[in-house]
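S.K.: One structure, as structure tokens, below. Some questions next.
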Amino acid sequence: MDNPQRSSSGGPRGPRNDRGGRDGGRDGQQRRFGPPMRRVCIYCKDKTKVIDYKNGDQLRRYLTDRGKIRPRRKIGTCARHQRELALAIKRARHLALLPFAPDHVRGMNA
Ligand SMILES: [Zn+2]
């Protein structure tokens with residue numbers, strides 16, 4: 001048994017005919033650590049809560065540590081209340097109740 005087509009170059013590369021053979025279908029749904037997931041908007045749930053632009057302490061909870069408005073997916077508000085919240089935060093910023101920028105950024109070039 002003689003094999004004339006034997007490749008003499010020592011390249012142990014296998015044939016590339018195994019396309020799509022790996023089962024790489026990773027279905028996510030794994031929840032990483034984070035805030036507790038609240039399905040219901042807190043402002044819809046609690047009717048007594050009112051988004052008040054004069055209440056800076058209330059609105060500060062919805063800012064990141066860099067002074068940005070937290071995304072809806074983090075705080076779980078519905079679209080309507082998130083819009084009201086964003087508007088209230090912007091008003092509160094104008095009244096200097098909330099920061100535009102975090103304190104450590106503001107004091108950097110002083
Ligand atoms: Zn809502």
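Naming scheme: A, B, ... for chains in displayed order of the structure tokens; residues 1 onward per chain; ligands 1 onward as shown.
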Could you make a table, as JSON lines, of the residues of chain A that have an atom within 6 Å of an atom of ligand 1, each with its nearest atom pair and distance in Å to one decimal, counting only C-alpha atoms and all ligand atoms, in chain and number order?

M.R.:
```
{"residue": "A:Cys41", "atom": "CA", "partner": "ligand 1", "partner_atom_place_in_ligand_line": "1 (Zn)", "distance": 4.6}
{"residue": "A:Tyr43", "atom": "CA", "partner": "ligand 1", "partner_atom_place_in_ligand_line": "1 (Zn)", "distance": 4.8}
{"residue": "A:Cys44", "atom": "CA", "partner": "ligand 1", "partner_atom_place_in_ligand_line": "1 (Zn)", "distance": 4.0}
{"residue": "A:Thr77", "atom": "CA", "partner": "ligand 1", "partner_atom_place_in_ligand_line": "1 (Zn)", "distance": 5.4}
{"residue": "A:Cys78", "atom": "CA", "partner": "ligand 1", "partner_atom_place_in_ligand_line": "1 (Zn)", "distance": 4.3}
{"residue": "A:Arg80", "atom": "CA", "partner": "ligand 1", "partner_atom_place_in_ligand_line": "1 (Zn)", "distance": 5.8}
{"residue": "A:His81", "atom": "CA", "partner": "ligand 1", "partner_atom_place_in_ligand_line": "1 (Zn)", "distance": 4.5}
```

S.K.: With N, CA and C atoms retained, export the selected residues as an mmCIF file, in the first residue's frame.

M.R.:
```cif
data_model
loop_
_atom_site.group_PDB
_atom_site.id
_atom_site.type_symbol
_atom_site.label_atom_id
_atom_site.label_comp_id
_atom_site.auth_asym_id
_atom_site.auth_seq_id
_atom_site.Cartn_x
_atom_site.Cartn_y
_atom_site.Cartn_z
ATOM 1 N N CYS A 41 -43.062 49.431 38.092
ATOM 2 C CA CYS A 41 -42.596 50.790 38.310
ATOM 3 C C CYS A 41 -43.025 51.250 39.698
ATOM 4 N N TYR A 43 -43.397 54.109 40.865
ATOM 5 C CA TYR A 43 -44.340 55.219 40.887
ATOM 6 C C TYR A 43 -45.725 54.770 40.451
ATOM 7 N N CYS A 44 -45.771 53.727 39.667
ATOM 8 C CA CYS A 44 -47.073 53.165 39.335
ATOM 9 C C CYS A 44 -47.615 52.360 40.515
ATOM 10 N N THR A 77 -38.428 51.978 36.383
ATOM 11 C CA THR A 77 -39.610 52.791 36.176
ATOM 12 C C THR A 77 -40.168 52.533 34.785
ATOM 13 N N CYS A 78 -41.413 52.834 34.630
ATOM 14 C CA CYS A 78 -42.006 52.678 33.320
ATOM 15 C C CYS A 78 -41.612 53.879 32.461
ATOM 16 N N ARG A 80 -43.297 56.205 31.095
ATOM 17 C CA ARG A 80 -43.947 57.463 31.430
ATOM 18 C C ARG A 80 -43.296 58.103 32.644
ATOM 19 N N HIS A 81 -43.076 57.310 33.669
ATOM 20 C CA HIS A 81 -42.512 57.873 34.879
ATOM 21 C C HIS A 81 -41.030 58.157 34.720
#
```

S.K.: How far is it from atom CA of A:Arg91 to atom CA of A:Lys74, in Å with one decimal?

M.R.: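 Between atom CA of A:Arg91 and atom CA of A:Lys74 the gap works out to 21.5 Å.
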
S.K.: Mind the document's chain letters and residue numbers, and return as an MDAnalysis selection string the residues of stretch 29-81 of chain A that DSSP labels alpha helix (DSSP H).

M.R.: chainID A and resid 42:45 56:60 72:75 79:81

S.K.: Compile the contact shell of stretch 66-70 of chain A as an MDAnalysis selection string: residues with an atom at most 8 Å away, counting only C-alpha atoms, same-chain residues fewer than 6 positions apart removed.

M.R.: chainID A and resid 86 89 98:102

S.K.: Could the residues in this selection be saved with C-alpha atoms as a compact mmCIF listing (two decimals), in the first residue's frame?

M.R.:
```txt
# COMPACT_ATOMS: atom_id res chain seq x y z
CA ALA A 86 -35.79 62.82 33.85
CA ILE A 89 -34.00 65.79 37.54
CA LEU A 98 -28.77 68.06 41.93
CA PRO A 99 -25.33 68.09 40.39
CA PHE A 100 -24.63 68.33 36.71
CA ALA A 101 -21.29 66.71 37.33
CA PRO A 102 -19.92 64.81 40.29
```

S.K.: Would you mind listing what lies within 10 Å of A:Tyr53 as a list in words, with only C-alpha atoms counted and same-chain residues fewer than 4 positions away left out?

M.R.: Asp57, Gln58, Leu59, Glu84, Leu85, Ala86, Leu87, Ala88, Ile89, Lys90, Arg91, Ala92, Arg93, His94, Leu95, Leu97 and Leu98 of chain A
